[in-house]
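**Student:** Can you keep this structure in mind? I'll have questions shortly.
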Amino acid sequence: MSPVLQGAITILVGVGGCIGYFYLANLILDKVIFPARRDDAGRNINRANAVRPWLFLVPAILALGLYLVYPVVGSFWRSLFNRGGDEFIGLDNYISLIADEGFRTAFFNNFLWVLVVPAMATFLGLLVAQLTDRLRWGNIAKSLIFMPMAISFVGASLIWKFVYANDADIGIINAIRASAGMDVLDPLQVPFWNNFFLMVILIWIQTGFAMVILSAALRGIPEETVEAAIIDGANPLQVFFRIKVPQIMGTIVVVWTTITILVLKVFDIVYTMTGGNYGTEILPSYMMSYMFRDDGRATAVAFVIMLVVMPVMIWNIVQARKEMH
Amino acid sequence: MADLKLTDVEKTYGGTVRVLHDINLDIAQGELIVFVGPSGCGKSTLLRMIAGLEKITGGELEIDGMVVNDVPPSERGIAMVFQSYALYPHMTVRDNMAFALKIAGKSKAEIDKAVAAAAEKLQLTNFLDRLPKALSGGQRQRVAIGRSIVRDPKVYLFDEPLSNLDAALRVATRLEIAQLKEQMPESTMIYVTHDQVEAMTLASRIVVLAGGGVAQVGSPLELYEKPNSEFVAQFIGSPSMNLLSGEIVGTGEMTTLRLDEGGGTITSNYPSQTSDMGARVHVGIRPEDMLETSSGDFAYHGTVEITEALGEVTLLYFKRSAPENDPVIGKLNGIHKSLRGQDVRMTAEPDKVHVFLNGVSLLYRDGNVFLPGVQPH
């Protein structure tokens with residue numbers, strides 16, 4: 001069977017199945033379970049309407065349960081077992097994680113990543129969006145800044161390997177140092193700061209994303225509110241921070257959330273640039289290093305990542321909801 | 001609390017597109033000036049130039065005797081109310097009104113006092129802690145007005161403030177603005193609208209803008225009773241003034257005119273010169289000034305094609321001999337549905353008959369009348 005035909009059939013079955021489910025489920029509810037007939041007609045209509053929302057919710061609840069809740073619970077369960085998965089060891093995986101120096105480094109580094117990358121990418125994106133808004137060549141600048149978005153993390157890492165190259169003839173950092181008469185060094189081996197050199201790569205990629213979304217949001221601000229603020233005596237900085245930014249706060253939160261989630265998933269950059277050496281390990285790459293060797297421990301790391309994301313997510317969702325109401 | 005003076009004010013875009021020119025206006029303190037004009041006439045642009053939101057490309061704008069062409073908006077002593085309200089959506093009513101004062105670095109006590117006073121004046125006291133989205137359209141517009149009041153500006157600028165409101169609210173808010181003006185007799189207000197009723201009811205003087213220039217400036221009734229040109233005559237009043245072609249057949253203190261359609265003669269108390277004898281003119285009569293007559297002196301004679309009985313008045317639409325002409329309309333008091341299909345003769349009192357020679361009223365023939373060269377509607 002040709003793939004096109006397969007695709008078409010899949011779509012038909014999928015969409016038809018959905019329509020069929022809702023149609024039949026409602027039909028059965030109204031005609032068989034609570035038929036609006038005879039003495040019970042009025043009561044049955046009310047009962048059917050009380051049940052009806054569940055008909056629509058059940059498929060989503062099942063899908064989320066299967067693909068979201070079950071994996072979470074399953075991972076947690078697996079993390080309570082040993083390396084082979086045949087012996088229940090309770091919280092031992094977690095206890096040994098906390099005891100592990102490498103895990104603590106990865107945890108701390110990840111914390112830095114979550115703190116710095118979304119903040120910087122959002123801030124720079126907002127800055128670029130505002131600065132290029134009225135420029136004639138603003139669109140060219142924006143295209144250039146957006147371009148890294150199209151590069152894979154591994155590709156971007158390769159590009160930055162050249163930037164950070166431990167050779168004044170290749171790496172721009174060392175070229176600058178050399179012209180200033182300083183020694184050549186490998187930026188990726190500078191303790192602590194090498195984390196930030198890696199973050200720069202993700203910021204470089206994500207600024208374009210933030211810029212595009214925030215630029216659209218800035219254009220959506222009613223011009224009159226800006227003019228009213230100008231008449232009210234606000235200077236350009238006050239207009240930006242007190243009129244424009246609050247009006248697009250919802251979008252800023254969404255951008256921030258999206259980048260935060262991304263940061264907690266990224267392991268490619270660290271993997272490609274340093275392989276987690278020189279104190280640059282982060283949780284996803286730390287997890288990768290245990291995967292398939294010790295699944296008990298790897299799922300424990302995965303669970304820790306989830307716990308780390310949780311407060312950020314909750315805070316962001318609360319913020320986003322506040323914006324909506 | 002100031003007077004404004006516009007001298008040869010001009011607005012061009014890109015050095016070539018001239019949207020406003022030769023705008024000369026003297027606005028005295030305490031006046032409520034209304035800019036009206038057909039859409040695209042530049043009335044909002046002129047208001048924005050006074051506000052400082054648009055650059056003045058020629059001429060001078062003085063507020064309180066000081067040229068303010070290059071003074072930023074916030075230092076001109078103006079406040080503006082926008083058509084879309086332009087409230088800050090993320091601030092409560094209180095913060096919206098306080099914003100300008102906070103920016104100006106006023107003390108908290110001072111701000112609270114000003115906000116409370118404005119809120120009371122506009123019956124907003126109970127809404128101070130709400131966000132704009134929790135308010136109705138009329139309340140939002142009151143907040144926008146309140147935001148300008150707290151700044152205690154010299155000049156209030158209103159840019160079509162009522163056009164986003166529904167009909168009933170528009171009438172109510174119009175009255176509120178009129179009352180506000182009464183409470184603040186010292187304030188100068190400039191009000192842009194395309195709604196004639198707003199212009200006629202609110203204005204101390206109306207500025208009719210059209211074709212990039214000032215067609216006429218005057219009190220509402222002056223414009224209604226003595227329009228200087230056919231343009232203003234047809235722009236002010238609804239339905240528009242009827243314009244009928246005719247010829248001057250008698251001159252002097254009063255002018256006698258013979259009309260082409262129907263061949264009737266009618267007298268106007270517009271004076272004319274002996275040399276005007278035989279001149280081709282347009283005779284203007286407002287629909288509401290048309291009277292049914294059976295005498296030989298009539299302005300128009302025709303068949304009523306449609307009647308619209310509105311209760312208090314009936315509109316008569318006459319069939320024109322040339323179909324490209326606008327219909328002649330008569331507005332009679334009471335209900336006259338039976339006139340449909342009838343031959344009717346219409347006349348008007350001499351003081352209601354306007355005479356235009358080459359588009360200019362005979363009353364203003366010595367003045368410098370600007371003819372916009374555009375259609376009034």
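Residue numbers start at 1 in each chain; chains themselves are named A, B, ... in the order of the structure tokens; ligands are numbered from 1 in the order shown.
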List the spatial neighbours of range 240-244 of chain B as a list in words - criterion: any atom at most 9 Å away, only C-alpha atoms, same-chain residues fewer than 3 positions off excluded.
**Tutor:**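 Near range 240-244 of chain B, the qualifying residues are Glu230, Ala233, Gln234, Phe235, Ile236, Gly237, Leu259, Asp260, Glu261, Val281, His282, Val283, Gly284, Ile285, Arg286, Pro287, Glu288, Ala299, Tyr300, Asp326, Pro327, Val328, Ile329 and Gly330 of chain B.
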**Student:** Please identify all polymer residues within 10 Å of range 151-160 of chain A, counting only C-alpha atoms, omitting same-chain residues fewer than 5 positions from it, and present them as a list in words.
**Tutor:**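 Near neighbours after the sequence-gap exclusion: Ala165, Gly171, Ile172, Phe197, Leu198, Val200, Ile201, Leu202, Trp204, Ile205, Val266, Phe267, Asp268, Ile269, Val270, Tyr271, Thr272 and Met273 of chain A.
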**Student:** Do you have the CA of Val184 in chain A-CA of Lys161 in chain A distance handy?
**Tutor:**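 That distance, rounded to one decimal, is 14.9 Å.
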**Student:** Counting only C-alpha atoms, a student should be able to say which residues of chain B come within 7 Å of chain A; what is the right answer, written as a VMD selection string?
**Tutor:** chain B and resid 73 to 74 79 86 to 88 90 100 103
**Student:** Suppose we keep all heavy atoms; can you now write the selection as an mmCIF file, in the first residue's frame?
**Tutor:**
data_model
loop_
_atom_site.group_PDB
_atom_site.id
_atom_site.type_symbol
_atom_site.label_atom_id
_atom_site.label_comp_id
_atom_site.auth_asym_id
_atom_site.auth_seq_id
_atom_site.Cartn_x
_atom_site.Cartn_y
_atom_site.Cartn_z
ATOM 1 N N PRO B 73 4.546 66.735 23.688
ATOM 2 C CA PRO B 73 3.130 66.738 24.062
ATOM 3 C C PRO B 73 2.901 66.989 25.547
ATOM 4 O O PRO B 73 2.003 67.763 25.912
ATOM 5 C CB PRO B 73 2.656 65.331 23.693
ATOM 6 C CG PRO B 73 3.608 64.847 22.673
ATOM 7 C CD PRO B 73 4.902 65.541 22.909
ATOM 8 N N SER B 74 3.714 66.345 26.390
ATOM 9 C CA SER B 74 3.422 66.428 27.819
ATOM 10 C C SER B 74 3.666 67.819 28.379
ATOM 11 O O SER B 74 3.174 68.152 29.443
ATOM 12 C CB SER B 74 4.280 65.409 28.566
ATOM 13 O OG SER B 74 5.641 65.656 28.297
ATOM 14 N N ALA B 79 -4.478 67.664 27.281
ATOM 15 C CA ALA B 79 -4.830 66.285 27.610
ATOM 16 C C ALA B 79 -5.742 65.810 26.506
ATOM 17 O O ALA B 79 -6.482 66.604 25.925
ATOM 18 C CB ALA B 79 -5.543 66.210 28.950
ATOM 19 N N ALA B 86 -8.195 54.247 24.909
ATOM 20 C CA ALA B 86 -6.751 54.151 25.157
ATOM 21 C C ALA B 86 -6.428 54.052 26.635
ATOM 22 O O ALA B 86 -5.433 54.582 27.099
ATOM 23 C CB ALA B 86 -6.014 55.349 24.536
ATOM 24 N N LEU B 87 -7.273 53.350 27.384
ATOM 25 C CA LEU B 87 -6.948 53.119 28.794
ATOM 26 C C LEU B 87 -5.815 52.107 28.855
ATOM 27 O O LEU B 87 -5.686 51.257 27.990
ATOM 28 C CB LEU B 87 -8.165 52.583 29.535
ATOM 29 C CG LEU B 87 -9.368 53.511 29.547
ATOM 30 C CD1 LEU B 87 -10.502 52.883 30.326
ATOM 31 C CD2 LEU B 87 -9.011 54.859 30.140
ATOM 32 N N TYR B 88 -5.001 52.208 29.925
ATOM 33 C CA TYR B 88 -3.941 51.223 30.110
ATOM 34 C C TYR B 88 -4.596 49.963 30.665
ATOM 35 O O TYR B 88 -5.075 49.963 31.804
ATOM 36 C CB TYR B 88 -2.880 51.760 31.057
ATOM 37 C CG TYR B 88 -2.392 53.152 30.684
ATOM 38 C CD1 TYR B 88 -2.371 54.183 31.604
ATOM 39 C CD2 TYR B 88 -1.985 53.426 29.383
ATOM 40 C CE1 TYR B 88 -1.941 55.456 31.255
ATOM 41 C CE2 TYR B 88 -1.556 54.693 29.026
ATOM 42 C CZ TYR B 88 -1.543 55.703 29.965
ATOM 43 O OH TYR B 88 -1.121 56.950 29.614
ATOM 44 N N HIS B 90 -3.686 47.202 31.878
ATOM 45 C CA HIS B 90 -3.129 46.478 33.015
ATOM 46 C C HIS B 90 -3.210 47.283 34.299
ATOM 47 O O HIS B 90 -2.733 46.853 35.336
ATOM 48 C CB HIS B 90 -1.670 46.129 32.727
ATOM 49 C CG HIS B 90 -0.846 47.333 32.362
ATOM 50 N ND1 HIS B 90 -0.999 47.991 31.166
ATOM 51 C CD2 HIS B 90 0.100 47.999 33.047
ATOM 52 C CE1 HIS B 90 -0.153 49.014 31.129
ATOM 53 N NE2 HIS B 90 0.515 49.042 32.246
ATOM 54 N N ALA B 100 -0.296 59.904 34.969
ATOM 55 C CA ALA B 100 0.395 61.133 34.566
ATOM 56 C C ALA B 100 1.001 61.839 35.778
ATOM 57 O O ALA B 100 2.113 62.362 35.706
ATOM 58 C CB ALA B 100 -0.574 62.061 33.851
ATOM 59 N N ILE B 103 4.092 59.990 36.998
ATOM 60 C CA ILE B 103 5.216 60.289 36.113
ATOM 61 C C ILE B 103 5.773 61.669 36.447
ATOM 62 O O ILE B 103 6.979 61.896 36.439
ATOM 63 C CB ILE B 103 4.761 60.241 34.637
ATOM 64 C CG1 ILE B 103 4.391 58.820 34.237
ATOM 65 C CG2 ILE B 103 5.818 60.810 33.704
ATOM 66 C CD1 ILE B 103 5.539 57.891 34.001
#
**Student:** Just asking: which residues within range 172-308 of chain A are helix (DSSP H, G or I) according to DSSP, as a VMD selection string?
**Tutor:** chain A and resid 172 to 179 187 to 189 193 to 219 223 to 231 236 to 247 249 to 265 268 to 273 283 to 290 295 to 308
**Student:** I want to know what sits within 9 Å of Asp167 in chain A, based on only C-alpha atoms, with residues of the same chain fewer than 6 positions away left out; could you give that as a count of residues only?
**Tutor:** 6
**Student:** Could you check the closest approach to Asp276 in chain B for each of B:Val115, B:Glu198, B:Arg365, B:Gln216 and tell me which residue wins, using only C-alpha atoms?
**Tutor:**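 Checking each candidate against Asp276 in chain B, we get B:Arg365 as the closest.
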**Student:** Using only C-alpha atoms, which of B:Ser136, B:Ser268, B:Gln179, B:Gln83 sits nearest His194 in chain B?
**Tutor:** B:Gln83
**Student:** For range 102-114 of chain A, find every residue with an atom within 7 Å (counting only C-alpha atoms), except residues of its own chain fewer than 6 positions away, and show them as a ChimeraX atom specification.
**Tutor:** /A:199,260,263,279-283,286
**Student:** Return as an MDAnalysis selection string the full set of residues in range 93-294 of chain B whose backbone-based DSSP assignment is strand (DSSP E or B).
**Tutor:** chainID B and resid 155:159 188:192 205:210 213:218 229 242:250 252 255:259 265:268 272 280:285 291:293
**Student:** Just to be explicit: take each residue in the selection above, keep C-alpha atoms, and write the result as a PDB file, in the first residue's frame.
**Tutor:**
ATOM      1  CA  VAL B 155      -6.619  72.477  26.714  1.00  0.00           C
ATOM      2  CA  TYR B 156      -8.725  69.344  26.452  1.00  0.00           C
ATOM      3  CA  LEU B 157      -8.611  67.483  23.153  1.00  0.00           C
ATOM      4  CA  PHE B 158     -11.355  64.999  22.294  1.00  0.00           C
ATOM      5  CA  ASP B 159     -10.891  62.723  19.295  1.00  0.00           C
ATOM      6  CA  THR B 188     -10.630  75.270  26.481  1.00  0.00           C
ATOM      7  CA  MET B 189     -11.824  72.203  24.658  1.00  0.00           C
ATOM      8  CA  ILE B 190     -11.305  71.012  21.128  1.00  0.00           C
ATOM      9  CA  TYR B 191     -13.564  68.245  19.980  1.00  0.00           C
ATOM     10  CA  VAL B 192     -13.372  66.262  16.763  1.00  0.00           C
ATOM     11  CA  ARG B 205     -17.974  77.412  17.539  1.00  0.00           C
ATOM     12  CA  ILE B 206     -17.699  74.864  14.767  1.00  0.00           C
ATOM     13  CA  VAL B 207     -14.778  74.613  12.380  1.00  0.00           C
ATOM     14  CA  VAL B 208     -15.773  72.929   9.144  1.00  0.00           C
ATOM     15  CA  LEU B 209     -12.706  71.306   7.633  1.00  0.00           C
ATOM     16  CA  ALA B 210     -12.717  69.980   4.098  1.00  0.00           C
ATOM     17  CA  GLY B 213      -8.565  73.687   4.540  1.00  0.00           C
ATOM     18  CA  VAL B 214     -11.050  75.542   6.719  1.00  0.00           C
ATOM     19  CA  ALA B 215     -14.354  75.923   4.890  1.00  0.00           C
ATOM     20  CA  GLN B 216     -16.035  78.020   7.563  1.00  0.00           C
ATOM     21  CA  VAL B 217     -15.771  78.867  11.241  1.00  0.00           C
ATOM     22  CA  GLY B 218     -18.735  80.017  13.226  1.00  0.00           C
ATOM     23  CA  SER B 229     -20.634  78.230   0.569  1.00  0.00           C
ATOM     24  CA  ASN B 242     -31.663  71.356  -1.557  1.00  0.00           C
ATOM     25  CA  LEU B 243     -29.759  73.172  -4.293  1.00  0.00           C
ATOM     26  CA  LEU B 244     -31.821  74.243  -7.300  1.00  0.00           C
ATOM     27  CA  SER B 245     -30.519  75.903 -10.442  1.00  0.00           C
ATOM     28  CA  GLY B 246     -31.975  79.282 -11.270  1.00  0.00           C
ATOM     29  CA  GLU B 247     -31.402  82.788 -12.457  1.00  0.00           C
ATOM     30  CA  ILE B 248     -31.498  86.189 -10.775  1.00  0.00           C
ATOM     31  CA  VAL B 249     -34.408  88.155 -12.222  1.00  0.00           C
ATOM     32  CA  GLY B 250     -34.645  90.949  -9.679  1.00  0.00           C
ATOM     33  CA  GLY B 252     -31.615  94.989  -4.747  1.00  0.00           C
ATOM     34  CA  THR B 255     -33.290  89.185  -4.709  1.00  0.00           C
ATOM     35  CA  THR B 256     -35.894  87.614  -6.946  1.00  0.00           C
ATOM     36  CA  LEU B 257     -35.052  84.317  -8.533  1.00  0.00           C
ATOM     37  CA  ARG B 258     -36.582  82.225 -11.265  1.00  0.00           C
ATOM     38  CA  LEU B 259     -35.997  78.529 -11.019  1.00  0.00           C
ATOM     39  CA  THR B 265     -40.199  82.562  -8.937  1.00  0.00           C
ATOM     40  CA  ILE B 266     -39.231  83.135  -5.328  1.00  0.00           C
ATOM     41  CA  THR B 267     -37.796  85.950  -3.265  1.00  0.00           C
ATOM     42  CA  SER B 268     -34.740  85.757  -1.037  1.00  0.00           C
ATOM     43  CA  SER B 272     -27.727  91.473  -4.754  1.00  0.00           C
ATOM     44  CA  ARG B 280     -26.876  81.825 -13.063  1.00  0.00           C
ATOM     45  CA  VAL B 281     -27.062  80.813  -9.400  1.00  0.00           C
ATOM     46  CA  HIS B 282     -27.946  77.952  -7.111  1.00  0.00           C
ATOM     47  CA  VAL B 283     -30.872  78.515  -4.800  1.00  0.00           C
ATOM     48  CA  GLY B 284     -30.549  76.672  -1.525  1.00  0.00           C
ATOM     49  CA  ILE B 285     -33.521  75.762   0.627  1.00  0.00           C
ATOM     50  CA  LEU B 291     -43.638  74.859   2.669  1.00  0.00           C
ATOM     51  CA  GLU B 292     -46.502  73.529   0.618  1.00  0.00           C
ATOM     52  CA  THR B 293     -48.214  76.270  -1.365  1.00  0.00           C
TER      53      THR B 293
END
